[in-house]
Structures are given as C-alpha cells and as structure tokens.
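To start, the structure itself, in structure tokens.
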Amino acid sequence: MTAQPSRRQLLYGAAGLAIGGGLLTAGCEPPKGAVGEAVAAEPRPSYYPSGYDRMVQASKSERALTIYSNMDTYNWKPILDGFQKHYPWVEDISTSNLGSSEVFERHNAELAAGQQKAGLLVSGSPQNWLDFVSGRKLVDYASPELPHLPGFARPRPGLYTFSSDVIVMVYNKILLKEHERPDSLAGLIKLVHGEPDRFRHKITTYAASLTFGQAIHQTYFQEQRKLGRDPWATYDALLPYTREEESSGPMLDKIASGEYLIGYFASSTIVFPQMAQLGEAITWKFVADGTPLFLRGMGVPAKGPHTNTGKLMLDYILSHEGQTNVSQGGFTAYRPGVPATPDHPTYASIRKKLGPENVMLIGYDFGTQAQQDRFVEQWEGRLG
C-alpha cells in the first residue's frame, strides 16, 4: 500500500509558496526603487576577538560561498555588495530563491549524496529549523555580534535571526477611501460588519493550512490570549468574510485588481518592494492591535565547504552595517541603532509606534503537532 503524506509533510511542502511566491521571480530585476544601495563600509568593531583574523585568513582559501535561501537576488544585492567591500577575495557568491522548505530539502539531499554545497542557509520555515537544530546539522557558532543584539537573535544553538519581517495590512486605495482603511483588526471588523454585502469574500489572508500562515495566525492567537483577549472572537468576526490565499503574489495581485479590497497579515517582504510598482493601486498599514514579526532564520550548516566564509557572512548580516543593508534589501532589521524610514521600518521603530504589547514575535513554539492541527481545523471551520 502506498503511504500517504502526513499533514506535516503537506504543510512543509507548501510553505515555499507562502514566502517565496511573489510577483517577482528569481533573477528578475526589481521595480525601480524597490531596494536601496549598500551603505558605506564600517570598520570592524573593537569587540571582535583578537583571533578573528584566523577565520578571515581561512576564508581566503575558500574564495566562494553558496547560499540557499528563500530570497530573490535583488534582496541580496545590498548585502553582498557590502560584504564584498570587506572580503573582496570572495568573488564567487551564489544565492538561490527556493521555497522555504526546499532550502532544507536541497541541502539534505546533497548531504545524503556527499555533495554538500551550501555554506549558509536562510529561510522562514520554523519547524524545518527545529528539525535541523535537533538533528545537529548546524555549526554551533557564537558570533561576536550576539551581545549587541536582542535576545531573539539566537533562538537555538547555531540558529540565528536574519530579520524580523513585519506582517501588515494592505488595501486597494482606489476602491477604498482613506477613512475606509482601518489600521487595526478591530477597525476592520467594524468596517466589514457595517457593510457586510460589500465586503463578503473581499477580504483575504494567508491560509492557516500553510506553515507560514499557521505561524502567523497561531502566534496572533497565542499572544492575544496572553493579553487576556479573545482571539476567536476576532476570527469569528472576520473569517466568514475572508478568502484564503496560499502565496503573496496572488494575494497582492488580487488586491491591486480589486478582486479583494483588503488583506490582513500580509508579508511586507513582498509588499514593500512592490510599492514602487503598485503604489498607485495599493497601500499598507501596521496592525495597531497586533502586528506580527516573522523571524527569518539563518545558520551555517555543519561540514559545509565554505564554513569560514559562511561565518563571516553570518557575522556581517548581524552587524550594524549588515542589518542596515538587510533593511535596504526589503526586510525588517532588528539590530538596535539601525536607522528607520517610512519605507524601511525596523523592529525598534515598530515597537515605538505601536507599543510593545502590540508587537508579536513569530518564533518557534506552536505546541504539539496535535495542537497545531486542531488550531488549523478550527480556523478553517470558520471560513465563509
């Protein structure tokens, strides 16, 4: 008898659609103004250990770095440009735009075949990272940048946070006047229930049956309960009017075309770069009563071919300069002191604007698989 894939396997396989899927495909040029240029190079901080140069010298014999990620080439450009100012001998840097789970699947397949290529992994699939950590597949490296970062910078041994990507609300600003664009879920509920026929099935969000969507919705649910709020009341009010989407690209396309009027809990990593192209049709706001931040993970795989260069890249991404270029690439920087702008908010600027109680980190604790399955089943049962 042929074995059927488990729910977990199905969710993992679809996870790439949630984050990797977008209007821009791998290798495409971004819309003009979608990402910024690399900032000026900064000197190595004085707190780096005296023996750090040994790793730098070892990198000179590697001269290359392969990165498996769920990010497009244009997202990487300011980061790589900045990195190569410090380490010009690393001329051969290749990046990939894979699905979130495909990052791990490709690495594991090459590892099993004895043909490991990646020196750094970057992805936003929480359960895949937990499996990777428990399998001891990461170098348990202690970055010198760690004491200068928030506590969530290294959630597990060897696992670091690349960015804290903000999840937002998106609107069709042609069909919705300014006063019809709520900045909270409570405001969205009031708007929708004021004109139920107008908004029925005109609202969208990520499907909870996908790992990305589940992580967002379950984190919102858990954090609201901690605050003494009733998250099911929110979902009971919104889900009958909501249609779910499996990826960012169709979600944003349909909002821009007017098929949807509003999307809640949409990924800024797709929305922000597209504003340069679609800004005449769409706009966005933070979710004032509960904005999730998705922690995109990264780590240096054990026994990789470019371990020293992978560590250098990891340290660079965690540095003040590196986090600034992470922001320039369209992601939400979380290091203190990184400048924020309206187009490039940071973890600190979002907390200051909304208040810490309204900012929720999407981490790695979603309960047992049975608890996760039960949450998804209850969430889906409320859809209209």
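Identifiers in this document derive from the order of the structure tokens: chains are assigned A, B, ..., residues are numbered from 1 separately in each chain, and ligands are numbered from 1 in order of occurrence.
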Sort by chain and increasing residue number a table of all residues of segment 277-340 of chain A within 8 Å of segment 175-198 of chain A, each with its closest pair of atoms and their distance in Å to one decimal, counting only C-alpha atoms, and write it as JSON lines.
{"residue": "A:Lys285", "atom": "CA", "partner": "A:Asp183", "partner_atom": "CA", "distance": 6.0}
{"residue": "A:Phe286", "atom": "CA", "partner": "A:Asp183", "partner_atom": "CA", "distance": 6.3}
{"residue": "A:Val287", "atom": "CA", "partner": "A:Ser184", "partner_atom": "CA", "distance": 4.8}
{"residue": "A:Ala288", "atom": "CA", "partner": "A:Ser184", "partner_atom": "CA", "distance": 4.9}
{"residue": "A:Asp289", "atom": "CA", "partner": "A:Ser184", "partner_atom": "CA", "distance": 5.4}
{"residue": "A:Gly290", "atom": "CA", "partner": "A:Ser184", "partner_atom": "CA", "distance": 7.6}
Using only C-alpha atoms, determine which residues lie at most 12 Å from Ala340 of chain A, disregarding the query and same-chain residues fewer than 3 positions distant; provide the list as number ranges by chain.
A: 323-328, 331-337, 343-353
Have a look at A:Gly279, A:Arg200, A:Glu145, A:Gly36 and name the one nearest to Tyr241 of chain A; count only C-alpha atoms.
A:Arg200
Fewer than 5 positions away in the same chain doesn't count, so skip those; otherwise give me all residues within 10 Å of segment 76-88 of chain A, counting only C-alpha atoms, as an MDAnalysis selection string.
chainID A and resid 35:44 56 59:60 63 69 71 93:96 309 312:313 316:317 321:330
Selection to disk with N, CA and C atoms, as an mmCIF file, in the first residue's frame:
data_model
loop_
_atom_site.group_PDB
_atom_site.id
_atom_site.type_symbol
_atom_site.label_atom_id
_atom_site.label_comp_id
_atom_site.auth_asym_id
_atom_site.auth_seq_id
_atom_site.Cartn_x
_atom_site.Cartn_y
_atom_site.Cartn_z
ATOM 1 N N VAL A 35 14.525 48.406 -3.888
ATOM 2 C CA VAL A 35 15.536 48.174 -2.861
ATOM 3 C C VAL A 35 16.573 49.299 -2.938
ATOM 4 N N GLY A 36 17.317 49.453 -1.843
ATOM 5 C CA GLY A 36 18.313 50.507 -1.780
ATOM 6 C C GLY A 36 19.712 50.009 -2.090
ATOM 7 N N GLU A 37 20.646 50.937 -2.136
ATOM 8 C CA GLU A 37 22.047 50.617 -2.368
ATOM 9 C C GLU A 37 22.728 50.262 -1.049
ATOM 10 N N ALA A 38 23.822 49.534 -1.142
ATOM 11 C CA ALA A 38 24.608 49.206 0.040
ATOM 12 C C ALA A 38 25.128 50.487 0.688
ATOM 13 N N VAL A 39 25.105 50.523 2.006
ATOM 14 C CA VAL A 39 25.585 51.704 2.728
ATOM 15 C C VAL A 39 27.107 51.678 2.795
ATOM 16 N N ALA A 40 27.692 52.776 3.245
ATOM 17 C CA ALA A 40 29.148 52.867 3.337
ATOM 18 C C ALA A 40 29.700 51.825 4.308
ATOM 19 N N ALA A 41 30.880 51.319 3.987
ATOM 20 C CA ALA A 41 31.513 50.296 4.822
ATOM 21 C C ALA A 41 31.887 50.876 6.182
ATOM 22 N N GLU A 42 31.718 50.081 7.218
ATOM 23 C CA GLU A 42 32.081 50.465 8.577
ATOM 24 C C GLU A 42 33.276 49.621 9.033
ATOM 25 N N PRO A 43 34.140 50.137 9.883
ATOM 26 C CA PRO A 43 35.283 49.351 10.354
ATOM 27 C C PRO A 43 34.839 48.209 11.255
ATOM 28 N N ARG A 44 35.692 47.204 11.352
ATOM 29 C CA ARG A 44 35.383 46.085 12.239
ATOM 30 C C ARG A 44 35.289 46.591 13.681
ATOM 31 N N VAL A 56 39.299 34.853 9.033
ATOM 32 C CA VAL A 56 39.373 35.650 7.809
ATOM 33 C C VAL A 56 40.402 35.053 6.852
ATOM 34 N N SER A 59 39.209 31.928 5.230
ATOM 35 C CA SER A 59 38.238 32.204 4.169
ATOM 36 C C SER A 59 38.926 32.449 2.834
ATOM 37 N N LYS A 60 40.147 32.943 2.858
ATOM 38 C CA LYS A 60 40.851 33.239 1.610
ATOM 39 C C LYS A 60 41.168 31.985 0.807
ATOM 40 N N ARG A 63 37.303 31.204 -0.889
ATOM 41 C CA ARG A 63 37.095 32.133 -2.008
ATOM 42 C C ARG A 63 35.701 32.066 -2.632
ATOM 43 N N SER A 69 18.546 30.117 0.026
ATOM 44 C CA SER A 69 17.630 31.000 0.732
ATOM 45 C C SER A 69 16.283 31.030 0.033
ATOM 46 N N MET A 71 14.966 33.982 -0.733
ATOM 47 C CA MET A 71 15.023 35.403 -1.059
ATOM 48 C C MET A 71 15.487 35.571 -2.493
ATOM 49 N N ILE A 93 29.971 34.300 -5.131
ATOM 50 C CA ILE A 93 28.871 34.127 -4.177
ATOM 51 C C ILE A 93 27.606 33.850 -4.973
ATOM 52 N N SER A 94 27.011 32.708 -4.744
ATOM 53 C CA SER A 94 25.773 32.359 -5.441
ATOM 54 C C SER A 94 24.641 32.259 -4.426
ATOM 55 N N THR A 95 23.488 32.800 -4.801
ATOM 56 C CA THR A 95 22.301 32.716 -3.955
ATOM 57 C C THR A 95 21.178 32.057 -4.735
ATOM 58 N N SER A 96 20.228 31.509 -4.020
ATOM 59 C CA SER A 96 19.093 30.862 -4.666
ATOM 60 C C SER A 96 17.808 31.419 -4.093
ATOM 61 N N THR A 309 33.792 31.206 5.477
ATOM 62 C CA THR A 309 33.140 32.301 4.768
ATOM 63 C C THR A 309 31.676 32.421 5.182
ATOM 64 N N LEU A 312 31.676 34.347 8.348
ATOM 65 C CA LEU A 312 31.915 35.770 8.070
ATOM 66 C C LEU A 312 30.640 36.448 7.565
ATOM 67 N N MET A 313 29.920 35.766 6.687
ATOM 68 C CA MET A 313 28.679 36.331 6.166
ATOM 69 C C MET A 313 27.643 36.451 7.276
ATOM 70 N N TYR A 316 28.536 39.361 9.374
ATOM 71 C CA TYR A 316 28.274 40.602 8.645
ATOM 72 C C TYR A 316 26.783 40.946 8.677
ATOM 73 N N ILE A 317 25.929 39.959 8.444
ATOM 74 C CA ILE A 317 24.487 40.198 8.440
ATOM 75 C C ILE A 317 24.009 40.679 9.812
ATOM 76 N N GLU A 321 26.248 47.483 10.090
ATOM 77 C CA GLU A 321 26.248 47.718 8.644
ATOM 78 C C GLU A 321 25.413 46.676 7.923
ATOM 79 N N GLY A 322 25.604 45.417 8.299
ATOM 80 C CA GLY A 322 24.873 44.339 7.634
ATOM 81 C C GLY A 322 23.377 44.443 7.830
ATOM 82 N N GLN A 323 22.928 44.744 9.048
ATOM 83 C CA GLN A 323 21.497 44.892 9.297
ATOM 84 C C GLN A 323 20.919 46.096 8.548
ATOM 85 N N THR A 324 21.718 47.128 8.376
ATOM 86 C CA THR A 324 21.266 48.265 7.584
ATOM 87 C C THR A 324 21.052 47.850 6.137
ATOM 88 N N ASN A 325 21.940 47.007 5.616
ATOM 89 C CA ASN A 325 21.779 46.523 4.250
ATOM 90 C C ASN A 325 20.678 45.476 4.140
ATOM 91 N N VAL A 326 20.406 44.740 5.207
ATOM 92 C CA VAL A 326 19.233 43.866 5.246
ATOM 93 C C VAL A 326 17.980 44.704 5.046
ATOM 94 N N SER A 327 17.922 45.840 5.732
ATOM 95 C CA SER A 327 16.800 46.761 5.568
ATOM 96 C C SER A 327 16.754 47.312 4.143
ATOM 97 N N GLN A 328 17.908 47.655 3.594
ATOM 98 C CA GLN A 328 17.970 48.159 2.211
ATOM 99 C C GLN A 328 17.455 47.118 1.220
ATOM 100 N N GLY A 329 17.592 45.845 1.573
ATOM 101 C CA GLY A 329 17.137 44.777 0.696
ATOM 102 C C GLY A 329 15.668 44.453 0.811
ATOM 103 N N GLY A 330 14.946 45.157 1.684
ATOM 104 C CA GLY A 330 13.499 44.975 1.759
ATOM 105 C C GLY A 330 13.004 44.213 2.966
#
Quick one: everything within 10 Å of Lys303 of chain A, counting only C-alpha atoms, minus sequence neighbours fewer than 2 positions away in the same chain. Send it as a ChimeraX atom specification.
/A:111,116-119,137-139,300-301,305-307
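The smallest atom-to-atom distance between Ile362 of chain A and any of A:Ala215, A:Leu238, A:Leu318, A:Val338, using only C-alpha atoms, is found for A:Ala215.
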Can you list, as number ranges by chain, every residue of segment 178-288 of chain A that DSSP puts in alpha helix (DSSP H)?
A: 185-194, 196-199, 211-226, 231-238, 248-257, 268-278
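Look at Tyr260 of chain A: the protein and nucleic acid residues within 8 Å of it, using only C-alpha atoms and passing over chain neighbours fewer than 2 places away, are Asn172, His201, Lys202, Ile203, Thr204, Lys254, Ile255, Ala256, Ser257, Gly258, Ile262 and Gly263 of chain A.
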For Ala58 of chain A, which residue out of A:Gly310, A:Glu244, A:Val376, A:Thr341 is the nearest one, using only C-alpha atoms?
A:Gly310
From the DSSP assignment of the backbone, select every residue of segment 35-171 of chain A that is strand (DSSP E or B), and format the answer as number ranges by chain.
A: 64-70, 92-97, 120-123, 138, 156, 159-171
Please write the residues from the selection above to a file, keeping C-alpha atoms, as a compact mmCIF listing (two decimals), in the first residue's frame.
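Okay, this is what ended up in result20.txt:
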# COMPACT_ATOMS: atom_id res chain seq x y z
CA ALA A 64 33.43 31.22 -2.57
CA LEU A 65 30.09 30.94 -0.82
CA THR A 66 26.86 29.21 -1.82
CA ILE A 67 23.73 30.44 -0.04
CA TYR A 68 20.43 28.58 -0.14
CA SER A 69 17.63 31.00 0.73
CA ASN A 70 14.03 31.92 0.06
CA ASP A 92 32.05 33.72 -6.26
CA ILE A 93 28.87 34.13 -4.18
CA SER A 94 25.77 32.36 -5.44
CA THR A 95 22.30 32.72 -3.96
CA SER A 96 19.09 30.86 -4.67
CA ASN A 97 15.41 31.74 -4.38
CA LEU A 120 24.83 29.39 4.66
CA LEU A 121 21.09 28.69 4.85
CA VAL A 122 18.43 31.40 5.17
CA SER A 123 14.75 30.52 5.39
CA LEU A 138 24.21 23.46 12.21
CA ARG A 156 18.51 27.93 19.29
CA LEU A 159 20.27 29.22 14.65
CA TYR A 160 20.33 33.00 14.20
CA THR A 161 17.72 35.54 13.17
CA PHE A 162 18.32 37.15 9.79
CA SER A 163 15.45 39.66 10.03
CA SER A 164 12.20 40.29 11.91
CA ASP A 165 9.90 40.79 8.94
CA VAL A 166 6.78 42.79 9.70
CA ILE A 167 3.33 41.47 8.72
CA VAL A 168 0.95 44.25 7.63
CA MET A 169 -2.50 45.17 6.31
CA VAL A 170 -2.84 46.01 2.60
CA TYR A 171 -5.61 47.94 0.84
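Relative to atom CA of Leu354 of chain A, atom CA of Trp284 of chain A is found at 15.0 Å.
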Selected residue, from A:Pro339, A:Gly363, A:Gly384, A:Gly304, that lies nearest to Pro292 of chain A when counting only C-alpha atoms
A:Gly363
Might you pull out every residue within 8 Å of Ile216 of chain A, with only C-alpha atoms counted and same-chain residues fewer than 3 positions away left off, and present them as a PyMOL selection string?
chain A and resi 212-213+219-220+265+292+294+362
Could you check the closest approach to Ser209 of chain A for each of A:Ser247, A:Pro157, A:Phe152, A:Leu278 and tell me which residue wins, using only C-alpha atoms?
A:Ser247
